[in-house]
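Engineer: Here you go, this is input-v6.txt (compact mmCIF, C-alpha atoms).
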```
# COMPACT_ATOMS: atom_id res chain seq x y z
CA MET A 1 -2.63 1.13 31.30
CA ARG A 2 -1.23 3.37 28.57
CA SER A 3 1.61 1.32 27.08
CA ALA A 4 0.82 0.04 23.58
CA VAL A 5 3.31 -2.78 24.21
CA ASN A 6 1.28 -3.98 27.21
CA TRP A 7 -1.87 -4.11 25.13
CA ALA A 8 -0.09 -5.82 22.24
CA VAL A 9 1.28 -8.47 24.63
CA LEU A 10 -2.18 -8.97 26.12
CA GLY A 11 -3.62 -9.44 22.63
CA LEU A 12 -1.01 -12.09 21.86
CA VAL A 13 -1.65 -13.92 25.15
CA ILE A 14 -5.40 -13.92 24.37
CA GLU A 15 -4.63 -15.58 21.03
CA ARG A 16 -2.84 -18.39 22.82
CA PRO A 17 -1.07 -18.93 26.16
CA SER A 18 2.60 -18.08 25.80
CA TYR A 19 5.84 -17.26 27.63
CA GLY A 20 8.18 -14.26 27.57
CA TYR A 21 10.62 -15.09 24.82
CA GLU A 22 7.99 -16.55 22.51
CA LEU A 23 5.88 -13.43 23.01
CA PHE A 24 8.91 -11.31 22.13
CA GLN A 25 9.29 -13.23 18.86
CA ARG A 26 5.59 -13.16 18.02
CA LEU A 27 5.40 -9.43 18.73
CA GLU A 28 8.36 -8.81 16.47
CA ARG A 29 6.75 -10.81 13.65
CA ARG A 30 3.37 -9.15 14.09
CA TYR A 31 4.27 -5.54 14.82
CA GLY A 32 7.85 -5.25 13.52
CA GLY A 33 8.38 -1.74 12.18
CA VAL A 34 5.59 -0.38 14.36
CA LEU A 35 6.43 -1.70 17.83
CA GLU A 36 9.94 -2.97 18.53
CA PRO A 37 10.38 -3.16 22.30
CA PRO A 38 13.41 -4.85 23.88
CA ILE A 39 12.68 -8.19 25.56
CA SER A 40 12.95 -6.56 29.00
CA GLN A 41 9.84 -4.56 28.14
CA ILE A 42 7.95 -7.79 27.36
CA TYR A 43 8.74 -9.11 30.83
CA ALA A 44 7.77 -5.75 32.34
CA ALA A 45 4.49 -5.93 30.39
CA LEU A 46 3.82 -9.46 31.69
CA ASN A 47 4.43 -8.26 35.27
CA ALA A 48 2.12 -5.28 34.81
CA LEU A 49 -0.60 -7.40 33.21
CA GLU A 50 -0.37 -10.01 35.98
CA ARG A 51 -0.53 -7.32 38.68
CA ALA A 52 -3.66 -5.95 37.00
CA ALA A 53 -5.12 -9.52 36.96
CA LEU A 54 -5.50 -9.34 33.18
CA ILE A 55 -3.34 -12.46 32.75
CA GLU A 56 -2.39 -15.37 35.03
CA PRO A 57 0.19 -18.16 34.95
CA LEU A 58 -1.07 -21.34 33.31
CA PRO A 59 -1.02 -24.29 35.76
CA VAL A 60 1.86 -26.65 34.92
CA GLU A 61 -0.37 -29.75 34.64
CA GLN A 62 -2.54 -27.95 32.05
CA LEU A 63 0.57 -26.92 30.16
CA LEU A 64 1.62 -30.56 29.79
CA THR A 65 -1.79 -31.63 28.48
CA GLU A 66 -1.76 -29.05 25.70
CA PRO A 67 0.12 -30.57 22.78
CA GLU A 68 0.97 -27.22 21.14
CA GLU A 69 2.48 -25.85 24.31
CA ALA A 70 4.10 -28.96 25.82
CA PRO A 71 7.87 -28.79 26.22
CA ARG A 72 9.90 -31.27 24.20
CA PRO A 73 10.66 -34.55 26.01
CA SER A 74 14.35 -33.70 25.98
CA ALA A 75 13.78 -30.52 27.91
CA ARG A 76 14.52 -31.36 31.53
CA ARG A 77 14.65 -27.78 32.71
CA GLN A 78 11.97 -26.13 34.80
CA PRO A 79 9.05 -25.44 32.38
CA LYS A 80 8.77 -21.80 31.36
CA VAL A 81 5.92 -19.84 32.91
CA HIS A 82 3.16 -19.65 30.34
CA TYR A 83 0.51 -16.97 30.77
CA ARG A 84 -3.11 -17.03 29.75
CA ALA A 85 -5.63 -14.20 29.70
CA THR A 86 -8.20 -13.91 32.44
CA ALA A 87 -11.83 -13.14 31.63
CA SER A 88 -11.30 -9.55 32.74
CA GLY A 89 -8.17 -9.39 30.55
CA ALA A 90 -10.14 -10.46 27.48
CA ARG A 91 -12.85 -7.92 28.28
CA ALA A 92 -10.37 -5.11 28.87
CA PHE A 93 -8.68 -5.88 25.56
CA ARG A 94 -11.98 -5.76 23.65
CA GLU A 95 -12.79 -2.40 25.22
CA TRP A 96 -9.32 -1.06 24.44
CA VAL A 97 -9.56 -2.09 20.76
CA ALA A 98 -12.98 -0.44 20.47
CA GLU A 99 -11.58 2.73 22.05
CA GLN A 100 -8.67 2.79 19.62
CA MET A 101 -11.00 2.51 16.65
CA ARG A 102 -13.30 5.27 17.91
CA GLY A 103 -10.67 7.70 18.97
CA ASP A 104 -8.70 9.47 16.29
CA PRO A 105 -6.92 12.30 18.07
CA GLN A 106 -4.78 13.15 15.04
CA HIS A 107 -7.84 13.85 12.95
CA VAL A 108 -9.60 15.82 15.67
CA GLU A 109 -6.46 17.79 16.41
CA LEU A 110 -6.14 18.66 12.73
CA LEU A 111 -9.68 20.02 12.55
CA ARG A 112 -9.11 22.02 15.70
CA ARG A 113 -5.94 23.51 14.29
CA ILE A 114 -7.64 24.41 11.02
CA ALA A 115 -10.39 26.23 12.92
CA GLY A 116 -7.74 27.95 15.04
CA ALA A 117 -5.95 29.10 11.90
CA ALA A 118 -8.82 31.45 11.05
CA ALA A 119 -7.16 34.42 12.72
CA PRO A 120 -6.65 37.81 11.06
CA GLY A 121 -3.41 38.49 9.27
CA ILE A 122 -2.53 34.94 8.31
CA ASP A 123 -2.99 33.03 5.06
CA ARG A 124 -5.90 30.86 6.11
CA SER A 125 -6.35 28.68 3.03
CA GLY A 126 -2.57 28.28 2.72
CA THR A 127 -2.38 27.16 6.34
CA MET A 128 -5.21 24.72 5.78
CA ARG A 129 -3.47 23.29 2.73
CA GLU A 130 -0.27 22.83 4.71
CA LEU A 131 -2.18 21.01 7.42
CA VAL A 132 -3.88 18.77 4.89
CA ASP A 133 -0.49 18.01 3.33
CA ALA A 134 0.97 17.16 6.75
CA TYR A 135 -1.99 14.97 7.56
CA GLU A 136 -1.65 13.15 4.25
CA ARG A 137 2.02 12.44 5.00
CA ALA A 138 1.07 10.94 8.36
CA CYS A 139 -1.62 8.79 6.74
CA VAL A 140 0.54 7.49 3.91
CA GLU A 141 3.26 6.59 6.40
CA GLU A 142 0.80 4.68 8.57
CA ALA A 143 -0.70 2.91 5.54
CA SER A 144 2.71 1.84 4.22
CA LEU A 145 3.70 0.42 7.61
CA LEU A 146 0.57 -1.70 7.90
CA PRO A 147 1.32 -5.29 6.96
CA LEU A 148 -0.81 -7.13 4.43
CA PRO A 149 -3.10 -9.58 6.26
CA PRO A 150 -1.72 -13.05 7.04
CA ALA A 151 -2.60 -15.80 4.58
CA ARG A 152 -5.56 -17.96 5.52
CA SER A 153 -3.52 -20.97 6.61
CA GLY A 154 -6.08 -22.31 9.08
CA SER A 155 -3.71 -25.04 10.25
CA THR A 156 -5.70 -25.49 13.46
CA PRO A 157 -9.00 -23.93 14.52
CA ALA A 158 -7.14 -21.80 17.10
CA VAL A 159 -4.65 -20.51 14.51
CA ALA A 160 -7.45 -19.85 12.00
CA ALA A 161 -9.39 -17.87 14.62
CA GLY A 162 -6.27 -15.87 15.50
CA GLU A 163 -5.68 -15.09 11.85
CA LEU A 164 -9.30 -14.03 11.44
CA VAL A 165 -9.01 -11.60 14.34
CA GLU A 166 -5.79 -10.17 12.94
CA ARG A 167 -7.35 -9.75 9.50
CA LEU A 168 -10.35 -7.95 10.97
CA VAL A 169 -8.20 -5.62 13.07
CA LEU A 170 -6.06 -4.78 10.05
CA ALA A 171 -9.17 -4.23 7.94
CA ALA A 172 -10.49 -1.79 10.56
CA ARG A 173 -7.24 0.18 10.53
CA ARG A 174 -7.16 0.23 6.73
CA GLY A 175 -10.80 1.29 6.59
CA LEU A 176 -10.03 4.28 8.80
CA LEU A 177 -7.11 5.22 6.58
CA ASP A 178 -9.29 4.97 3.47
CA ALA A 179 -11.73 7.35 5.15
CA HIS A 180 -8.88 9.74 5.97
CA PHE A 181 -7.61 9.65 2.38
CA ALA A 182 -11.12 10.36 1.10
CA TRP A 183 -11.35 13.28 3.55
CA ILE A 184 -7.98 14.63 2.38
CA ALA A 185 -9.12 14.57 -1.28
CA TYR A 186 -12.38 16.27 -0.28
CA ALA A 187 -10.61 18.90 1.82
CA ARG A 188 -8.25 19.80 -1.03
CA THR A 189 -11.17 20.21 -3.45
CA GLU A 190 -13.01 22.43 -0.96
CA ILE A 191 -9.94 24.56 -0.25
CA GLU A 192 -9.24 25.01 -3.97
CA ALA A 193 -12.86 26.01 -4.60
CA PHE A 194 -12.63 28.45 -1.68
CA GLU A 195 -9.48 29.96 -3.15
CA ARG A 196 -11.03 30.29 -6.61
CA THR A 197 -14.03 32.19 -5.31
CA ARG A 198 -11.77 34.57 -3.42
CA THR A 199 -9.32 35.23 -6.22
CA GLY A 200 -9.12 38.96 -6.77
CA GLN A 201 -11.49 39.69 -3.92
CA LEU A 202 -9.22 39.57 -0.90
CA ASP A 203 -5.58 39.48 -0.01
CA GLU A 204 -5.28 35.72 -0.51
CA PRO A 205 -4.08 35.13 -4.05
CA ALA A 206 -4.82 31.62 -5.31
CA GLU A 207 -2.15 29.63 -7.09
CA ALA A 208 -2.39 29.33 -10.85
CA MET B 1 22.04 4.45 -11.35
CA SER B 2 18.28 4.60 -11.14
CA LEU B 3 16.21 2.51 -13.55
CA LEU B 4 13.52 5.11 -14.22
CA ARG B 5 13.91 8.85 -13.82
CA LEU B 6 11.20 11.44 -14.38
CA GLU B 7 12.51 14.96 -14.18
CA ARG B 8 10.15 17.91 -13.80
CA VAL B 9 7.57 16.26 -16.03
CA SER B 10 4.41 18.16 -16.91
CA LYS B 11 1.43 17.27 -19.08
CA ARG B 12 -1.72 19.14 -20.05
CA TYR B 13 -4.82 17.99 -21.92
CA ARG B 14 -7.56 19.76 -23.76
CA ARG B 15 -11.01 18.73 -22.61
CA GLY B 16 -13.36 20.59 -24.93
CA ARG B 17 -12.49 24.23 -24.39
CA ARG B 18 -10.85 23.51 -21.07
CA ASP B 19 -7.21 23.09 -20.31
CA VAL B 20 -6.64 20.31 -17.78
CA VAL B 21 -3.37 19.87 -15.89
CA ALA B 22 -2.64 16.12 -15.68
CA LEU B 23 0.91 16.35 -14.28
CA ASP B 24 2.57 19.38 -12.81
CA ASP B 25 6.36 19.37 -12.36
CA VAL B 26 6.64 15.73 -11.28
CA SER B 27 10.06 14.31 -10.42
CA LEU B 28 10.51 10.69 -9.42
CA THR B 29 13.12 7.95 -9.63
CA ILE B 30 12.71 4.19 -9.33
CA ASP B 31 15.64 1.88 -8.62
CA ALA B 32 16.05 -1.67 -9.93
CA GLY B 33 13.97 -4.17 -7.97
CA GLU B 34 12.12 -1.45 -6.06
CA LEU B 35 8.41 -1.62 -5.29
CA VAL B 36 6.80 1.82 -5.27
CA ALA B 37 3.09 2.57 -4.87
CA ILE B 38 1.36 5.86 -5.63
CA TRP B 39 -1.92 6.52 -3.89
CA GLY B 40 -4.36 8.75 -5.74
CA VAL B 41 -8.00 9.06 -6.69
CA PRO B 42 -9.05 8.63 -10.35
CA ARG B 43 -8.16 11.77 -12.39
CA SER B 44 -5.40 12.70 -9.97
CA GLY B 45 -2.81 12.25 -12.73
CA ARG B 46 -1.76 8.79 -11.59
CA THR B 47 -2.50 7.00 -14.90
CA THR B 48 -0.90 9.75 -16.98
CA LEU B 49 2.21 9.39 -14.82
CA LEU B 50 2.37 5.66 -15.60
CA ARG B 51 1.70 6.18 -19.33
CA ILE B 52 4.48 8.74 -19.58
CA ALA B 53 6.83 6.46 -17.62
CA ALA B 54 5.94 3.67 -20.07
CA GLY B 55 6.81 5.82 -23.06
CA LEU B 56 3.20 5.69 -24.27
CA GLU B 57 2.77 9.45 -23.99
CA GLN B 58 5.07 12.37 -24.51
CA PRO B 59 5.33 14.90 -21.68
CA ASP B 60 4.83 18.58 -22.52
CA GLY B 61 7.78 19.48 -20.33
CA GLY B 62 10.56 17.69 -18.52
CA ALA B 63 12.33 14.45 -19.40
CA VAL B 64 11.94 10.70 -18.87
CA GLN B 65 14.92 8.38 -18.75
CA PHE B 66 14.72 4.61 -18.61
CA GLY B 67 17.92 2.63 -18.07
CA GLY B 68 19.93 5.81 -18.62
CA ARG B 69 18.38 6.55 -22.04
CA VAL B 70 15.89 9.28 -22.80
CA LEU B 71 12.46 7.93 -23.75
CA PRO B 72 11.10 9.58 -26.87
CA GLY B 73 7.51 8.72 -25.89
CA GLY B 74 4.30 8.97 -27.88
CA HIS B 75 3.96 9.01 -31.68
CA ASP B 76 2.58 5.44 -31.67
CA GLU B 77 5.93 4.01 -30.76
CA GLY B 78 4.33 1.77 -28.17
CA LEU B 79 5.89 0.64 -24.92
CA ALA B 80 9.53 1.39 -24.33
CA PRO B 81 11.64 -1.81 -24.54
CA GLY B 82 12.10 -3.31 -21.08
CA VAL B 83 8.84 -1.87 -19.75
CA GLY B 84 5.65 -3.82 -19.03
CA PHE B 85 2.34 -1.99 -18.60
CA VAL B 86 -0.69 -3.44 -16.83
CA GLN B 87 -4.01 -1.71 -17.25
CA VAL B 88 -6.97 -3.95 -16.59
CA ASP B 89 -9.87 -3.61 -18.97
CA LEU B 90 -12.64 -6.07 -18.26
CA THR B 91 -14.24 -5.55 -21.67
CA ALA B 92 -11.18 -5.78 -23.90
CA VAL B 93 -9.65 -8.69 -25.83
CA GLY B 94 -11.06 -10.61 -28.75
CA GLY B 95 -12.14 -14.21 -28.99
CA GLU B 96 -8.72 -15.85 -28.91
CA SER B 97 -7.65 -18.09 -26.04
CA ILE B 98 -6.07 -16.50 -22.99
CA LEU B 99 -2.86 -18.37 -23.82
CA ASP B 100 -2.70 -16.70 -27.25
CA HIS B 101 -3.68 -13.36 -25.70
CA VAL B 102 -0.77 -13.55 -23.25
CA ALA B 103 1.57 -14.67 -26.05
CA MET B 104 0.51 -11.77 -28.30
CA PRO B 105 3.40 -9.38 -27.51
CA LEU B 106 5.83 -12.15 -28.50
CA LEU B 107 3.85 -13.13 -31.62
CA ALA B 108 3.69 -9.46 -32.61
CA ARG B 109 7.45 -9.24 -32.68
CA GLY B 110 7.71 -12.37 -34.82
CA GLU B 111 8.59 -15.12 -32.35
CA ALA B 112 7.68 -18.69 -33.29
CA PRO B 113 4.11 -19.43 -32.08
CA GLU B 114 5.07 -22.60 -30.24
CA LEU B 115 7.86 -20.91 -28.29
CA ALA B 116 5.70 -17.84 -27.63
CA ARG B 117 2.91 -20.03 -26.21
CA GLU B 118 5.38 -21.93 -24.08
CA ARG B 119 6.67 -18.70 -22.56
CA ALA B 120 3.12 -17.40 -22.13
CA MET B 121 2.20 -20.56 -20.22
CA LEU B 122 5.16 -20.06 -17.88
CA GLN B 123 3.93 -16.57 -17.03
CA LEU B 124 0.34 -17.76 -16.53
CA GLU B 125 1.71 -20.32 -14.07
CA ARG B 126 3.76 -17.63 -12.33
CA VAL B 127 0.70 -15.45 -11.73
CA GLY B 128 -1.50 -18.34 -10.64
CA ALA B 129 -3.72 -18.31 -13.74
CA ALA B 130 -2.59 -21.48 -15.54
CA GLY B 131 -6.20 -22.72 -15.38
CA CYS B 132 -7.30 -19.80 -17.57
CA ALA B 133 -5.06 -20.71 -20.54
CA GLY B 134 -7.83 -22.36 -22.59
CA LEU B 135 -10.56 -19.88 -21.64
CA GLN B 136 -11.66 -16.74 -23.45
CA SER B 137 -11.61 -13.27 -21.97
CA ARG B 138 -15.38 -13.11 -21.45
CA GLU B 139 -15.19 -16.18 -19.22
CA LEU B 140 -12.76 -14.64 -16.70
CA GLU B 141 -13.46 -13.38 -13.19
CA PRO B 142 -12.20 -9.84 -12.46
CA THR B 143 -9.28 -11.17 -10.41
CA GLU B 144 -8.32 -13.47 -13.29
CA HIS B 145 -8.38 -10.51 -15.68
CA VAL B 146 -5.76 -8.85 -13.47
CA ARG B 147 -3.58 -11.96 -13.30
CA VAL B 148 -3.79 -12.46 -17.08
CA ALA B 149 -2.92 -8.79 -17.71
CA ILE B 150 0.13 -9.13 -15.44
CA ALA B 151 1.18 -12.35 -17.23
CA GLN B 152 0.94 -10.58 -20.60
CA ALA B 153 3.04 -7.69 -19.33
CA LEU B 154 5.65 -10.09 -17.93
CA VAL B 155 5.96 -12.22 -21.05
CA THR B 156 8.49 -9.84 -22.61
CA THR B 157 10.62 -10.04 -19.40
CA PRO B 158 10.50 -6.33 -18.55
CA ARG B 159 12.83 -4.67 -16.03
CA LEU B 160 10.08 -2.27 -14.97
CA LEU B 161 6.45 -3.24 -14.51
CA LEU B 162 3.91 -0.42 -14.37
CA VAL B 163 0.60 -1.48 -12.84
CA ASP B 164 -2.42 0.82 -12.87
CA ASP B 165 -4.70 0.27 -9.85
CA PRO B 166 -4.68 -3.54 -9.95
CA THR B 167 -7.42 -4.02 -7.33
CA ARG B 168 -9.91 -1.55 -8.78
CA HIS B 169 -12.34 -4.15 -10.16
CA VAL B 170 -11.35 -6.99 -7.83
CA ASP B 171 -13.66 -8.42 -5.16
CA LEU B 172 -12.78 -7.41 -1.61
CA LEU B 173 -11.60 -10.83 -0.50
CA GLU B 174 -9.39 -11.30 -3.56
CA ARG B 175 -7.56 -7.99 -3.33
CA GLU B 176 -4.79 -8.96 -0.96
CA ALA B 177 -3.91 -11.98 -3.13
CA VAL B 178 -3.55 -9.66 -6.13
CA LEU B 179 -1.37 -7.28 -4.10
CA LEU B 180 0.77 -10.15 -2.82
CA LEU B 181 1.26 -11.22 -6.44
CA VAL B 182 2.35 -7.69 -7.43
CA ARG B 183 4.73 -7.61 -4.43
CA SER B 184 6.18 -11.00 -5.37
CA ILE B 185 7.15 -9.66 -8.81
CA ALA B 186 9.32 -6.84 -7.47
CA ASP B 187 12.77 -8.26 -6.81
CA GLY B 188 16.37 -7.67 -7.82
CA GLU B 189 15.46 -8.02 -11.50
CA VAL B 190 12.10 -6.32 -11.83
CA ALA B 191 11.01 -2.99 -10.37
CA VAL B 192 7.31 -2.28 -9.92
CA LEU B 193 5.60 1.12 -9.97
CA MET B 194 1.90 0.81 -9.22
CA THR B 195 -0.99 3.14 -8.54
CA THR B 196 -3.73 2.47 -6.03
CA GLY B 197 -6.84 4.07 -4.65
CA GLU B 198 -6.91 2.29 -1.31
CA ALA B 199 -4.78 2.09 1.82
CA MET B 200 -4.21 -1.64 1.30
CA GLY B 201 -2.41 -0.84 -1.96
CA VAL B 202 0.47 0.90 -0.17
CA SER B 203 0.80 -1.66 2.66
CA GLY B 204 4.27 -3.14 2.84
CA VAL B 205 5.77 -1.40 -0.20
CA ASP B 206 9.34 -0.06 -0.31
CA ARG B 207 8.09 3.47 -0.92
CA ALA B 208 4.65 5.02 -0.94
CA LEU B 209 3.73 8.36 -2.48
CA THR B 210 0.53 10.27 -2.99
CA ILE B 211 -0.63 12.26 -6.00
CA SER B 212 -3.43 14.77 -6.38
CA GLY B 213 -4.06 17.48 -8.93
CA GLY B 214 -1.11 16.17 -10.93
CA VAL B 215 1.32 16.90 -8.08
CA LEU B 216 3.24 14.30 -6.05
CA ARG B 217 2.55 15.26 -2.45
CA ALA B 218 4.01 12.95 0.18
CA GLU B 219 6.36 10.04 0.40
CA ALA B 220 6.91 7.35 3.02
CA ALA B 221 9.81 4.92 2.81
CA ALA B 222 9.77 1.52 4.47
CA ASP B 223 13.22 2.01 6.01
CA GLY B 224 12.12 3.53 9.28
CA GLY B 225 9.14 5.46 7.99
CA ASN B 226 11.16 8.36 6.64
CA VAL B 227 8.33 10.63 5.58
CA VAL B 228 9.10 13.72 3.58
CA ALA B 229 7.11 16.45 1.94
CA LEU B 230 7.61 16.36 -1.79
CA ARG B 231 6.21 19.77 -2.33
CA GLY B 232 5.22 22.42 0.14
CA SER B 233 1.84 23.99 -0.28
CA ARG B 234 3.12 27.37 -1.40
CA SER B 235 6.47 26.46 -2.88
CA GLY B 236 6.91 26.26 -6.62
CA GLY B 237 9.13 23.33 -7.50
CA GLY B 238 8.84 19.77 -6.27
CA ASP B 239 11.70 17.35 -6.26
CA ALA B 240 11.00 13.76 -5.33
CA ARG B 241 13.71 11.16 -5.29
```
What would you get if you wrote out this structure as structure tokens?
Structural biologist:
Amino acid sequence: MRSAVNWAVLGLVIERPSYGYELFQRLERRYGGVLEPPISQIYAALNALERAALIEPLPVEQLLTEPEEAPRPSARRQPKVHYRATASGARAFREWVAEQMRGDPQHVELLRRIAGAAAPGIDRSGTMRELVDAYERACVEEASLLPLPPARSGSTPAVAAGELVERLVLAARRGLLDAHFAWIAYARTEIEAFERTRTGQLDEPAEA
Amino acid sequence: MSLLRLERVSKRYRRGRRDVVALDDVSLTIDAGELVAIWGVPRSGRTTLLRIAAGLEQPDGGAVQFGGRVLPGGHDEGLAPGVGFVQVDLTAVGGESILDHVAMPLLARGEAPELARERAMLQLERVGAAGCAGLQSRELEPTEHVRVAIAQALVTTPRLLLVDDPTRHVDLLEREAVLLLVRSIADGEVAVLMTTGEAMGVSGVDRALTISGGVLRAEAAADGGNVVALRGSRSGGGDAR
């Protein structure tokens, strides 16, 4: 399953059982600016997750016993289908999060491209600096789009636990960005030192 | 019209026999009510940028305009009117109460002590540090130092607040509260330009930029993540908004 929306929906369902439109609203609140799928994609995600047995419909009788999820007495319509995560859904989500934190294709790709830039006839340190600049732009964009963590409201134990998870996930993403920023500062220093040592020696004039 | 405009500003220092470039051809504008964060490591030029924007230092080249007027800068003229500057120093401040410390900018310009203290108390309440009013500086926690410094900068009702790395000395779990406070100050009346050394510092701002080696490098705007290069690696002149 490659769709980030599917994984985001699964994460929200794990936090608490929910139905299509509510998930749409929660996803907008949580990931607005980063993920903004139309509601049809939420329903498609629910179908895909159910087919993969990562979520299942919540039995109606259980729905009515859960005060947070119970429909209002005035609502006489058919109750909406609420979904909850299955055990394999929760496990798959944990594995996916771990994978996302380990994998950093942008960073790896950058290093590969820098190594590849060491071909004759091109300005190697200049190319490296351009790549570092481009990487920094990507990082600052990602950092600015990250929301600040939710306040510790802790209105119910379930909400408090959900907030805790969200805070930890955000902290992990920020931590990676801090590492990338530190790497960018280090890379610039190294490249400048490289250029200084080569000034006047080769055909790569350093900037003043 | 933009509130603050730095145009091709440069600044060099002497460090012993060395010549250090603090800012190199920096252009930047801040609009009223805008919240802008600049990410940079210490000695990247970030503090010099704020001090020049505050009118505390004179640039060697380029010009600074605040509210459409050119800032003279330097020569012990102090902060430009309408500008607040927050630089947290955990060791500073004498033995007076925090309330008097916050009121000091008003007392210094001759306002009646009672009125000055009243206005200082309002700002301490605004930043969530009312409980510190009767304390002395040495009794404060790092996060309270930051709140008190912000209250003191706000007491003169500035239109631009410059905040130098507000979370630098703050405990990990307190940092987001400090950042939320800084974000709450930026509104239609007050613009905020802050520096930061961590990713959290640029989360959720209107615009984020980076600085290194005295050069503004990259910018990301909140409206759709419009990321632009401020200065190409080999090009000579930069021109930020």
Engineer: Write down, as a list in words, each residue of chain B that has any atom within 7 Å of an atom of chain A, counting all atoms listed in the file.
Structural biologist: Glu176, Glu198, Ala199, Met200, Val202, Ser203, Gly204, Val205, Ala208, Ala218, Glu219, Ala220, Ala222, Gly225, Val227 and Ser233 of chain B
Engineer: Give the answer as one residue: which of B:Thr156, B:Thr195, B:Ser184, B:Thr143 has the shortest atom-to-atom distance to Leu172 in chain B, using all atoms listed in the file?
Structural biologist: B:Thr143
Engineer: Find, counting only C-alpha atoms, the residue in B:Asp25, B:Glu125, B:Glu96, B:Asp171 that gets nearest to Arg8 in chain B.
Structural biologist: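 Closest to Arg8 in chain B, using only C-alpha atoms: B:Asp25.
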Engineer: I'd like the neighbourhood of Ala80 in chain B as a PyMOL selection string, where a residue qualifies if any of its atoms comes within 10 Å (using all atoms listed in the file), though same-chain residues fewer than 6 positions away should be ignored.
Structural biologist: chain B and resi 53-56+66+71-74+158
Engineer: My list of candidates is A:Ala44, A:Arg16, A:Ser125, A:Ala85. Which is closest to Ala193 in chain A when distances are computed with all atoms listed in the file?
Structural biologist: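 Smallest distance to Ala193 in chain A is found for A:Ser125.
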